[in-house]
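Undergrad: Pasting structure_22.cif below, which is mmCIF, C-alpha atoms.
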```cif
data_input
#
loop_
_atom_site.label_atom_id
_atom_site.label_comp_id
_atom_site.auth_asym_id
_atom_site.auth_seq_id
_atom_site.Cartn_x
_atom_site.Cartn_y
_atom_site.Cartn_z
CA MET J 707 96.53 6.91 -76.30
CA LEU J 708 95.64 3.19 -76.69
CA SER J 709 95.13 1.15 -73.53
CA ARG J 710 97.25 -1.90 -72.94
CA SER J 711 94.32 -4.18 -73.70
CA LYS J 712 93.68 -2.44 -77.04
CA VAL J 713 97.38 -2.68 -77.97
CA GLY J 714 97.26 -6.38 -77.16
CA ARG J 715 94.23 -6.92 -79.38
CA LEU J 716 95.89 -5.04 -82.29
CA TRP J 717 99.09 -7.12 -81.92
CA CYS J 718 97.05 -10.33 -82.04
CA LEU J 719 95.28 -9.16 -85.21
CA VAL J 720 98.60 -8.33 -86.89
CA LEU J 721 99.95 -11.79 -86.13
CA LEU J 722 96.76 -13.45 -87.34
CA ALA J 723 96.79 -11.47 -90.58
CA SER J 724 100.43 -12.42 -91.17
CA PHE J 725 99.66 -16.09 -90.66
CA ILE J 726 96.70 -16.01 -93.05
CA TRP J 727 98.75 -14.23 -95.75
CA THR J 728 101.56 -16.82 -95.65
CA SER J 729 99.01 -19.65 -95.82
CA CYS J 730 97.52 -18.52 -99.15
CA GLY J 731 100.37 -19.82 -101.35
CA LYS J 732 100.55 -23.24 -103.00
CA ASP J 733 103.11 -24.49 -100.55
CA GLU J 734 102.09 -25.07 -96.97
CA PRO J 735 104.14 -22.85 -94.64
CA THR J 736 106.33 -24.31 -91.99
CA PRO J 737 104.42 -24.07 -88.70
CA GLN J 738 105.90 -21.53 -86.37
CA ILE J 739 105.37 -21.02 -82.67
CA VAL J 740 104.54 -17.41 -81.95
CA VAL J 741 104.93 -16.15 -78.41
CA ILE J 742 102.49 -13.31 -77.66
CA PRO J 743 103.57 -11.10 -74.78
CA GLU J 744 101.23 -11.16 -71.81
CA ILE J 745 99.20 -7.97 -71.61
CA GLU J 746 97.96 -6.63 -68.30
CA LYS J 747 94.18 -6.97 -68.12
CA GLU J 748 92.04 -3.92 -67.39
CA VAL J 749 90.43 -4.15 -63.97
CA PRO J 750 87.12 -2.33 -63.28
CA GLU J 751 87.43 0.61 -60.95
CA GLU J 752 87.00 -0.50 -57.38
CA VAL J 753 83.86 0.84 -55.73
CA ASN J 754 84.14 1.87 -52.12
CA LYS J 755 80.67 1.52 -50.66
CA PRO J 756 80.05 4.05 -47.88
CA ASP J 757 79.35 2.63 -44.45
CA ASP J 758 75.72 2.00 -43.59
CA ILE J 759 73.96 4.05 -40.94
CA PRO J 760 71.76 1.42 -39.30
CA GLY J 761 68.50 2.52 -37.75
CA THR J 762 65.11 1.28 -36.66
CA ILE J 763 61.57 1.58 -37.96
CA ARG J 764 59.68 2.91 -34.98
CA ASP J 765 56.16 1.84 -34.18
CA ILE J 766 54.62 5.14 -35.27
CA SER J 767 52.10 6.01 -37.95
CA SER J 768 52.98 7.74 -41.19
CA ILE J 769 51.07 10.80 -39.97
CA GLU J 770 53.27 10.90 -36.87
CA LEU J 771 56.41 10.50 -38.97
CA VAL J 772 55.37 13.28 -41.34
CA SER J 773 54.69 15.58 -38.41
CA GLU J 774 58.41 15.33 -37.54
CA MET J 775 59.73 16.10 -41.02
CA GLY J 776 59.33 19.89 -41.03
CA VAL J 777 59.98 21.49 -44.43
CA GLY J 778 62.06 20.11 -47.27
CA TRP J 779 64.28 20.94 -50.22
CA ASN J 780 64.66 19.12 -53.55
CA LEU J 781 68.10 18.29 -54.93
CA GLY J 782 66.72 18.84 -58.43
CA ASN J 783 68.57 18.45 -61.74
CA SER J 784 71.29 16.37 -60.15
CA PHE J 785 70.86 12.61 -59.86
CA ASP J 786 67.68 12.90 -61.94
CA VAL J 787 69.52 14.14 -65.07
CA ARG J 788 68.61 12.24 -68.23
CA SER J 789 72.25 11.37 -68.90
CA LYS J 790 75.09 9.42 -67.41
CA ASP J 791 76.80 12.78 -66.89
CA LYS J 792 74.98 14.15 -63.87
CA THR J 793 76.43 17.63 -64.44
CA SER J 794 74.96 18.01 -67.93
CA TRP J 795 71.99 20.08 -66.72
CA GLY J 796 74.24 22.75 -65.25
CA ASN J 797 74.73 21.72 -61.63
CA PRO J 798 77.92 20.38 -60.02
CA LEU J 799 77.92 16.91 -58.52
CA ALA J 800 76.07 16.83 -55.22
CA SER J 801 78.32 17.11 -52.18
CA GLU J 802 78.24 16.99 -48.41
CA ALA J 803 78.84 20.76 -48.40
CA HIS J 804 75.54 21.31 -50.24
CA ILE J 805 73.63 19.18 -47.78
CA LYS J 806 75.15 20.91 -44.77
CA ALA J 807 74.18 24.33 -46.16
CA ILE J 808 70.60 23.17 -46.68
CA LYS J 809 70.36 21.85 -43.13
CA ASP J 810 72.05 24.91 -41.65
CA MET J 811 69.36 27.06 -43.25
CA GLY J 812 66.72 25.04 -41.39
CA PHE J 813 65.46 22.47 -43.91
CA THR J 814 65.02 19.11 -42.25
CA THR J 815 63.92 16.92 -45.17
CA LEU J 816 65.94 16.24 -48.32
CA ARG J 817 64.28 14.79 -51.41
CA ILE J 818 66.75 13.24 -53.85
CA PRO J 819 65.17 12.77 -57.29
CA ILE J 820 66.94 9.86 -59.03
CA THR J 821 66.88 8.65 -62.62
CA TRP J 822 68.21 5.08 -62.83
CA ASN J 823 67.86 4.50 -66.57
CA PHE J 824 71.36 5.62 -67.61
CA ASP J 825 73.18 3.81 -64.82
CA GLN J 826 71.79 0.30 -65.04
CA VAL J 827 71.73 -2.63 -67.44
CA GLN J 828 68.89 -2.13 -69.92
CA ILE J 829 67.67 -5.73 -69.91
CA ALA J 830 66.67 -8.08 -67.11
CA PRO J 831 67.77 -8.24 -64.36
CA TYR J 832 68.34 -4.44 -64.81
CA THR J 833 71.38 -4.39 -62.55
CA ILE J 834 72.21 -0.93 -61.17
CA GLU J 835 75.86 0.14 -61.41
CA PRO J 836 77.52 -0.17 -57.98
CA ALA J 837 79.37 3.13 -58.42
CA TYR J 838 76.09 4.97 -58.97
CA LEU J 839 74.52 3.45 -55.88
CA ALA J 840 77.61 4.37 -53.88
CA ARG J 841 77.38 8.04 -54.96
CA ILE J 842 73.71 8.17 -53.96
CA HIS J 843 74.60 6.39 -50.73
CA SER J 844 77.11 9.09 -49.82
CA ILE J 845 74.51 11.88 -50.15
CA VAL J 846 71.92 9.89 -48.21
CA ASN J 847 74.50 9.48 -45.45
CA ALA J 848 75.38 13.19 -45.55
CA ALA J 849 71.75 14.09 -44.92
CA LEU J 850 71.24 11.52 -42.18
CA ASN J 851 74.45 12.63 -40.47
CA ASN J 852 72.93 16.12 -40.46
CA ASP J 853 69.81 14.74 -38.75
CA MET J 854 67.59 15.07 -41.81
CA TYR J 855 64.88 12.88 -43.32
CA VAL J 856 65.64 11.60 -46.81
CA ILE J 857 63.40 10.60 -49.73
CA ILE J 858 64.74 8.72 -52.77
CA ASN J 859 62.68 7.82 -55.82
CA THR J 860 62.51 6.90 -59.49
CA HIS J 861 62.27 10.20 -61.34
CA HIS J 862 62.84 10.69 -65.10
CA ASP J 863 62.72 6.98 -65.90
CA ASP J 864 60.84 7.34 -69.17
CA TRP J 865 60.32 3.59 -69.60
CA ILE J 866 57.57 3.86 -66.97
CA ILE J 867 54.77 3.97 -69.54
CA PRO J 868 51.26 3.43 -68.08
CA THR J 869 49.69 1.35 -70.85
CA ASN J 870 48.52 -2.25 -70.98
CA ALA J 871 51.04 -2.93 -73.74
CA SER J 872 53.99 -1.86 -71.56
CA SER J 873 52.65 -3.16 -68.27
CA SER J 874 54.61 -6.40 -67.95
CA GLU J 875 58.02 -4.92 -68.71
CA VAL J 876 57.45 -1.87 -66.48
CA LYS J 877 56.35 -3.98 -63.52
CA ASN J 878 59.35 -6.28 -63.89
CA ARG J 879 61.80 -3.40 -64.11
CA LEU J 880 60.27 -1.45 -61.23
CA SER J 881 60.32 -4.60 -59.10
CA SER J 882 63.97 -5.16 -59.95
CA ILE J 883 65.01 -1.59 -59.15
CA TRP J 884 63.21 -1.48 -55.85
CA THR J 885 64.40 -4.94 -54.85
CA GLN J 886 67.98 -3.78 -55.41
CA VAL J 887 67.58 -0.39 -53.75
CA ALA J 888 65.60 -1.71 -50.80
CA THR J 889 68.11 -4.49 -50.22
CA TYR J 890 71.00 -2.01 -50.44
CA PHE J 891 69.46 0.29 -47.81
CA ARG J 892 67.71 -2.38 -45.74
CA ALA J 893 69.60 -1.54 -42.53
CA TYR J 894 68.46 2.09 -42.60
CA GLY J 895 65.81 3.40 -40.21
CA ASP J 896 62.63 5.38 -40.75
CA HIS J 897 64.45 8.62 -41.60
CA LEU J 898 64.85 7.10 -45.07
CA ILE J 899 61.69 6.97 -47.20
CA PHE J 900 61.23 5.31 -50.59
CA GLU J 901 59.03 7.13 -53.12
CA VAL J 902 57.98 4.53 -55.69
CA MET J 903 57.51 6.87 -58.67
CA ASN J 904 57.72 10.60 -59.32
CA GLU J 905 55.04 11.84 -61.74
CA PRO J 906 53.95 8.64 -63.51
CA ARG J 907 52.03 9.50 -66.66
CA LEU J 908 51.77 8.91 -70.40
CA GLU J 909 54.05 11.64 -71.68
CA GLY J 910 52.77 13.64 -74.63
CA SER J 911 49.19 12.47 -74.26
CA ALA J 912 46.25 14.87 -74.21
CA GLU J 913 45.51 13.90 -70.59
CA GLU J 914 49.13 14.00 -69.39
CA TRP J 915 48.56 16.67 -66.73
CA SER J 916 44.79 16.38 -66.22
CA GLY J 917 44.64 13.00 -64.50
CA GLY J 918 45.12 10.57 -67.38
CA THR J 919 42.75 7.98 -68.77
CA GLN J 920 41.17 5.11 -66.85
CA GLU J 921 43.71 2.75 -68.40
CA GLY J 922 46.56 5.00 -67.31
CA ARG J 923 45.29 5.32 -63.75
CA ASP J 924 44.75 1.55 -63.51
CA MET J 925 48.29 0.92 -64.74
CA ILE J 926 49.75 3.33 -62.18
CA ASN J 927 47.97 1.38 -59.44
CA ALA J 928 49.41 -1.88 -60.81
CA PHE J 929 52.92 -0.39 -60.93
CA HIS J 930 52.66 0.84 -57.34
CA LEU J 931 51.57 -2.62 -56.21
CA SER J 932 54.53 -4.33 -57.92
CA ALA J 933 57.04 -1.91 -56.44
CA VAL J 934 55.60 -1.93 -52.91
CA ASP J 935 55.44 -5.74 -52.91
CA ALA J 936 59.06 -5.89 -54.08
CA ILE J 937 60.17 -3.59 -51.26
CA ARG J 938 58.21 -5.45 -48.60
CA ASN J 939 59.59 -8.80 -49.82
CA THR J 940 63.14 -7.70 -48.97
CA GLU J 941 62.02 -7.87 -45.33
CA GLY J 942 64.04 -6.50 -42.41
CA ASN J 943 63.38 -2.79 -41.93
CA ASN J 944 61.72 -2.70 -45.34
CA SER J 945 58.81 -4.77 -44.12
CA LYS J 946 57.49 -1.64 -42.35
CA ARG J 947 59.43 1.21 -43.96
CA HIS J 948 57.34 4.29 -44.77
CA LEU J 949 56.79 4.57 -48.51
CA MET J 950 55.31 7.18 -50.84
CA VAL J 951 52.98 6.65 -53.78
CA SER J 952 51.68 9.36 -56.08
CA THR J 953 48.52 9.96 -57.97
CA TYR J 954 48.65 9.98 -61.77
CA ALA J 955 51.30 12.63 -62.62
CA ALA J 956 51.28 13.44 -58.88
CA SER J 957 48.23 15.52 -59.77
CA SER J 958 45.57 16.91 -57.44
CA THR J 959 42.87 16.72 -60.13
CA PRO J 960 39.68 14.99 -58.91
CA ASN J 961 39.98 11.92 -61.15
CA ALA J 962 43.65 11.39 -60.28
CA MET J 963 42.97 11.56 -56.53
CA ARG J 964 39.75 9.55 -56.77
CA ASP J 965 41.25 6.56 -58.55
CA LEU J 966 44.53 6.15 -56.68
CA VAL J 967 44.52 2.80 -54.85
CA VAL J 968 46.95 2.40 -51.97
CA PRO J 969 48.74 -0.95 -52.45
CA ASN J 970 47.40 -3.60 -50.09
CA ASP J 971 45.83 -0.79 -48.04
CA ASP J 972 49.31 -0.62 -46.49
CA PRO J 973 49.20 1.54 -43.33
CA ASN J 974 52.75 2.85 -43.87
CA VAL J 975 52.08 4.43 -47.25
CA ILE J 976 52.17 8.22 -47.63
CA ILE J 977 50.44 10.10 -50.46
CA SER J 978 52.67 12.22 -52.72
CA ILE J 979 51.16 15.24 -54.47
CA HIS J 980 52.86 17.98 -56.50
CA SER J 981 51.07 21.30 -56.53
CA TYR J 982 52.64 24.24 -58.32
CA PHE J 983 49.47 26.24 -57.73
CA PRO J 984 48.52 28.29 -59.60
CA TRP J 985 50.77 27.17 -62.46
CA SER J 986 50.24 30.45 -64.28
CA PHE J 987 52.19 32.25 -61.53
CA ALA J 988 54.34 29.44 -60.16
CA GLY J 989 55.58 27.79 -63.33
CA ASP J 990 54.49 29.52 -66.52
CA GLU J 991 57.28 31.87 -67.59
CA ASN J 992 54.77 33.82 -69.68
CA GLY J 993 52.19 34.00 -66.89
CA PRO J 994 51.66 36.75 -64.33
CA SER J 995 54.63 37.71 -62.17
CA THR J 996 52.61 39.07 -59.24
CA TRP J 997 50.68 37.17 -56.58
CA GLY J 998 48.98 37.90 -53.29
CA THR J 999 45.43 39.21 -53.69
CA ALA J 1000 42.73 37.96 -51.33
CA ASN J 1001 41.23 35.86 -54.11
CA GLU J 1002 44.61 34.34 -54.99
CA LYS J 1003 45.25 33.40 -51.37
CA LYS J 1004 41.79 31.87 -51.05
CA ALA J 1005 42.32 29.83 -54.21
CA LEU J 1006 45.58 28.43 -52.82
CA VAL J 1007 43.96 27.56 -49.50
CA ASP J 1008 41.11 25.84 -51.35
CA GLU J 1009 43.64 23.77 -53.30
CA LEU J 1010 45.40 22.60 -50.14
CA ASP J 1011 42.10 21.96 -48.34
CA LYS J 1012 40.96 19.80 -51.26
CA ILE J 1013 44.07 17.63 -50.88
CA ARG J 1014 43.71 17.42 -47.12
CA GLU J 1015 40.02 16.49 -47.30
CA ARG J 1016 40.66 13.66 -49.78
CA TRP J 1017 43.57 12.05 -47.98
CA MET J 1018 43.87 13.12 -44.36
CA VAL J 1019 40.17 13.43 -43.57
CA GLN J 1020 38.63 10.73 -45.74
CA GLU J 1021 41.48 8.19 -45.76
CA ASN J 1022 43.54 9.09 -42.66
CA ARG J 1023 46.64 9.18 -44.85
CA ALA J 1024 49.72 11.35 -44.44
CA VAL J 1025 50.52 13.73 -47.30
CA ILE J 1026 53.84 15.03 -48.58
CA LEU J 1027 53.85 17.86 -51.11
CA GLY J 1028 56.87 16.48 -52.93
CA GLU J 1029 57.23 19.47 -55.26
CA TRP J 1030 56.11 23.08 -55.35
CA GLY J 1031 57.84 26.39 -55.92
CA THR J 1032 58.16 29.35 -58.27
CA THR J 1033 60.13 30.15 -61.39
CA ASP J 1034 62.17 33.34 -61.50
CA LYS J 1035 60.45 36.16 -63.40
CA ASN J 1036 62.51 38.94 -61.85
CA ASN J 1037 59.83 39.08 -59.15
CA LEU J 1038 61.66 38.18 -55.97
CA ALA J 1039 59.32 39.99 -53.57
CA ASP J 1040 56.30 38.11 -54.90
CA ARG J 1041 58.17 34.82 -54.84
CA VAL J 1042 59.09 35.36 -51.20
CA ALA J 1043 55.52 36.32 -50.27
CA TYR J 1044 54.11 33.30 -52.08
CA SER J 1045 56.65 30.91 -50.53
CA SER J 1046 55.87 32.19 -47.06
CA TYR J 1047 52.10 31.85 -47.49
CA TYR J 1048 52.32 28.45 -49.19
CA ALA J 1049 54.65 26.90 -46.62
CA GLU J 1050 52.69 28.18 -43.65
CA ALA J 1051 49.38 26.96 -45.09
CA ALA J 1052 50.86 23.55 -45.89
CA VAL J 1053 52.41 23.05 -42.45
CA GLU J 1054 49.18 24.15 -40.75
CA ARG J 1055 47.38 21.35 -42.59
CA GLY J 1056 49.89 18.69 -41.56
CA PHE J 1057 51.73 18.48 -44.90
CA VAL J 1058 55.48 18.45 -45.54
CA PRO J 1059 56.14 21.07 -48.25
CA ILE J 1060 59.30 20.18 -50.19
CA ILE J 1061 60.23 23.12 -52.40
CA TRP J 1062 61.66 22.49 -55.87
CA ASP J 1063 65.17 23.80 -56.60
CA ASP J 1064 66.62 22.90 -60.00
CA GLY J 1065 69.61 25.22 -59.84
CA GLY J 1066 68.08 27.14 -62.75
CA ASN J 1067 64.91 29.21 -63.02
CA PHE J 1068 63.44 27.51 -59.96
CA GLY J 1069 66.71 27.71 -58.09
CA PHE J 1070 67.52 29.74 -55.00
CA TYR J 1071 70.63 27.97 -53.65
CA ASP J 1072 73.83 28.37 -55.71
CA ARG J 1073 75.51 24.96 -55.70
CA HIS J 1074 78.54 26.24 -57.61
CA GLY J 1075 79.25 29.13 -55.26
CA LEU J 1076 78.03 27.31 -52.13
CA LYS J 1077 75.88 30.26 -51.19
CA TRP J 1078 72.24 31.31 -51.18
CA LYS J 1079 71.23 33.12 -54.34
CA TYR J 1080 67.85 34.10 -52.90
CA PRO J 1081 68.06 33.51 -49.15
CA GLY J 1082 64.73 35.28 -48.64
CA ILE J 1083 62.87 32.40 -50.27
CA ALA J 1084 64.60 29.82 -48.08
CA GLU J 1085 64.02 31.87 -44.93
CA ALA J 1086 60.34 32.29 -45.79
CA VAL J 1087 59.88 28.52 -46.11
CA VAL J 1088 61.82 27.64 -42.96
CA ALA J 1089 59.91 30.25 -40.96
CA ALA J 1090 56.78 28.09 -41.35
CA VAL J 1091 58.17 25.69 -38.74
CA THR J 1092 60.49 27.93 -36.72
CA GLU J 1093 58.26 30.85 -35.75
#
```
Kindly return the structure encoded in the file as structure tokens.
TA:
Amino acid sequence: MLSRSKVGRLWCLVLLASFIWTSCGKDEPTPQIVVIPEIEKEVPEEVNKPDDIPGTIRDISSIELVSEMGVGWNLGNSFDVRSKDKTSWGNPLASEAHIKAIKDMGFTTLRIPITWNFDQVQIAPYTIEPAYLARIHSIVNAALNNDMYVIINTHHDDWIIPTNASSSEVKNRLSSIWTQVATYFRAYGDHLIFEVMNEPRLEGSAEEWSGGTQEGRDMINAFHLSAVDAIRNTEGNNSKRHLMVSTYAASSTPNAMRDLVVPNDDPNVIISIHSYFPWSFAGDENGPSTWGTANEKKALVDELDKIRERWMVQENRAVILGEWGTTDKNNLADRVAYSSYYAEAAVERGFVPIIWDDGGNFGFYDRHGLKWKYPGIAEAVVAAVTE
């Protein structure tokens, strides 16, 4: 069915065509006054912005803040979908019921991966659609009303390309996004954390997951600086809000961790690392489905100790393990054992382990049925801070 505005435009075209046709003869037509009926204009859908939940930024260190955050859960494959349709990767729209179930299980930190690319203007000033911000706002509020900590980020924004050639545009766009988001949430307290980028890397390159090139690592540092400066410049609570920056691809490889530069040596910056270790068990669908030998446990402990030594010991920086977890290989008992060991080891070292749940092969909470698909995994993670 045509909208009223489209009908109006068609009617105008018909009248114009008629006038042109009668004007093509030798004799000039007698001018006629044509009255075009007024057509009701389409009005953009009104956006009801949720109420803010004002808070304060306490005078505590990032390490102290992280020590309060417990264990976390990722709302994966939701707001981070590479499409305007946030259900296109198989999950329903995020709801307050989902967040309540996560908190009721015992998770106290919610990470909300967000892709902005499909819900903002593609040229400067890269304005984010108000309706999209309002939807994110409602889930942030749901978590805060359940006494949780919340992390929001830029996730699958593929225009973040760490090359000299792309540097200027990326810095401008990141600055614009974070200026808008930080301004929007400026009244919020320190239970809301901004994670500047997710796994920044040159996709498809030979070094994509091994720490990148020197150029790539330098560009990531420049991007972090632009974003952090943009957030701080919005002032208010954002002048001291706790932020997260990641290594190249959020990797724990030596070169990625070595070359990360914390913007302005900012004391309220937390290091974000993703460690699906070992990937052969945790993520590779064709890899081994069993885990738990003495050597495997030692290797995992060595991985976490390496991260702790680099950041907490050498730099006195807080660390959040923003993603980890296991894909389903019909090996639930091993997944539960691994999750228990990983979460306990992470918490013992002062990290916040935020397990990945994509609603698919990495999933263990059923967002459609509002029930736990694999409650044993969730219980194993939560036990790290409740026993």
Undergrad: With all atoms listed in the file as the atoms that count, which of J:Val846, J:Ile979, J:Ala1051, J:Met854 lies nearest to Glu905 (chain J)?
TA: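 The closest residue to Glu905 (chain J) is J:Ile979.
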Undergrad: What is the distance, in Å and to one decimal place, between CA of Ser978 (chain J) and CA of Ala956 (chain J)?
TA: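 According to the coordinates, CA of Ser978 (chain J) and CA of Ala956 (chain J) are separated by 6.4 Å.
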Undergrad: List the spatial neighbours of Val856 (chain J) as a PyMOL selection string - criterion: any atom at most 12 Å away, all atoms listed in the file, same-chain residues fewer than 4 positions off excluded.
TA: chain J and resi 772+775-781+805+809+813-819+842-843+845-852+891+894-901+948-950+1028+1060
Undergrad: Run the PyMOL selection byres ((chain J and resi 864) around 12) on the file and write out the hits as an NGL selection string.
TA: :J and (786-788 or 821-824 or 860-863 or 865-868 or 872 or 876 or 879-880 or 903-910)
Undergrad: Env of region 915-920 of chain J: 8 Å cut, atoms = all atoms listed in the file, seq-sep filter 5 positions within chain, self excluded. Answer as a PDB file with C-alpha atoms, in the coordinates of the input.
TA:
```pdb
ATOM      1  CA  ARG J 907      52.030   9.500 -66.660  1.00  0.00           C
ATOM      2  CA  LEU J 908      51.770   8.910 -70.400  1.00  0.00           C
ATOM      3  CA  TYR J 954      48.650   9.980 -61.770  1.00  0.00           C
ATOM      4  CA  ALA J 955      51.300  12.630 -62.620  1.00  0.00           C
ATOM      5  CA  SER J 957      48.230  15.520 -59.770  1.00  0.00           C
ATOM      6  CA  THR J 959      42.870  16.720 -60.130  1.00  0.00           C
ATOM      7  CA  PRO J 960      39.680  14.990 -58.910  1.00  0.00           C
ATOM      8  CA  ASN J 961      39.980  11.920 -61.150  1.00  0.00           C
ATOM      9  CA  ALA J 962      43.650  11.390 -60.280  1.00  0.00           C
TER      10      ALA J 962
END
```
Undergrad: Write out as a list in words which residues come within 9 Å of Leu966 (chain J) when counting all atoms listed in the file, dropping same-chain ones fewer than 3 positions away.
TA: Arg923, Asp924, Ile926, Asn927, Val951, Ser952, Thr953, Tyr954, Asn961, Ala962 and Met963 of chain J
Undergrad: Take the residues just selected and output them with C-alpha atoms as a PDB file, in the frame of the given file.
TA:
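result.pdb was written with the following content:
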```
ATOM      1  CA  ARG J 923      45.290   5.320 -63.750  1.00  0.00           C
ATOM      2  CA  ASP J 924      44.750   1.550 -63.510  1.00  0.00           C
ATOM      3  CA  ILE J 926      49.750   3.330 -62.180  1.00  0.00           C
ATOM      4  CA  ASN J 927      47.970   1.380 -59.440  1.00  0.00           C
ATOM      5  CA  VAL J 951      52.980   6.650 -53.780  1.00  0.00           C
ATOM      6  CA  SER J 952      51.680   9.360 -56.080  1.00  0.00           C
ATOM      7  CA  THR J 953      48.520   9.960 -57.970  1.00  0.00           C
ATOM      8  CA  TYR J 954      48.650   9.980 -61.770  1.00  0.00           C
ATOM      9  CA  ASN J 961      39.980  11.920 -61.150  1.00  0.00           C
ATOM     10  CA  ALA J 962      43.650  11.390 -60.280  1.00  0.00           C
ATOM     11  CA  MET J 963      42.970  11.560 -56.530  1.00  0.00           C
TER      12      MET J 963
END
```
Undergrad: Kindly indicate which residue among J:Ile808, J:Ala893, J:Ala1090, J:Ile1083 lies nearest to Asp1040 (chain J), using all atoms listed in the file for the distances.
TA: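 Between J:Ile808, J:Ala893, J:Ala1090, J:Ile1083, the residue approaching Asp1040 (chain J) most closely is J:Ile1083.
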Undergrad: Hey, what comes out of the PyMOL selection byres ((chain J and resi 832) around 10) on this file? Could you write it as a list of chain:residue names?
TA: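 That selection, the PyMOL selection byres ((chain J and resi 832) around 10), comes back as J:Trp822, J:Asn823, J:Asp825, J:Gln826, J:Val827, J:Gln828, J:Ile829, J:Ala830, J:Pro831, J:Thr833, J:Ile834, J:Glu835, J:Asn878, J:Arg879, J:Leu880, J:Ser881, J:Ser882, J:Ile883, J:Gln886.
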Undergrad: Determine the nearest neighbour of Ser981 (chain J) from the options J:Leu1038, J:Leu1076, J:Met811, J:Val1025, counting only C-alpha atoms.
TA: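 Residue with the minimum atom-to-atom distance to Ser981 (chain J): J:Val1025.
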Undergrad: Using CA of Gly1075 (chain J) and CA of Asn797 (chain J) as the two end points, give the distance in Å to one decimal.
TA: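 Rounded to one decimal, the two atoms are 10.8 Å apart.
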Undergrad: Could you tell me how far CA of Ile858 (chain J) sits from CA of Arg841 (chain J), in Å to one decimal place?
TA: 12.8 Å
Undergrad: Applying the PyMOL selection byres ((chain J and resi 1015) around 12) to the file I just gave you, which residues come out? Please list them as a VMD selection string.
TA: chain J and resid 958 960 963 to 964 1007 to 1014 1016 to 1025 1055 to 1056
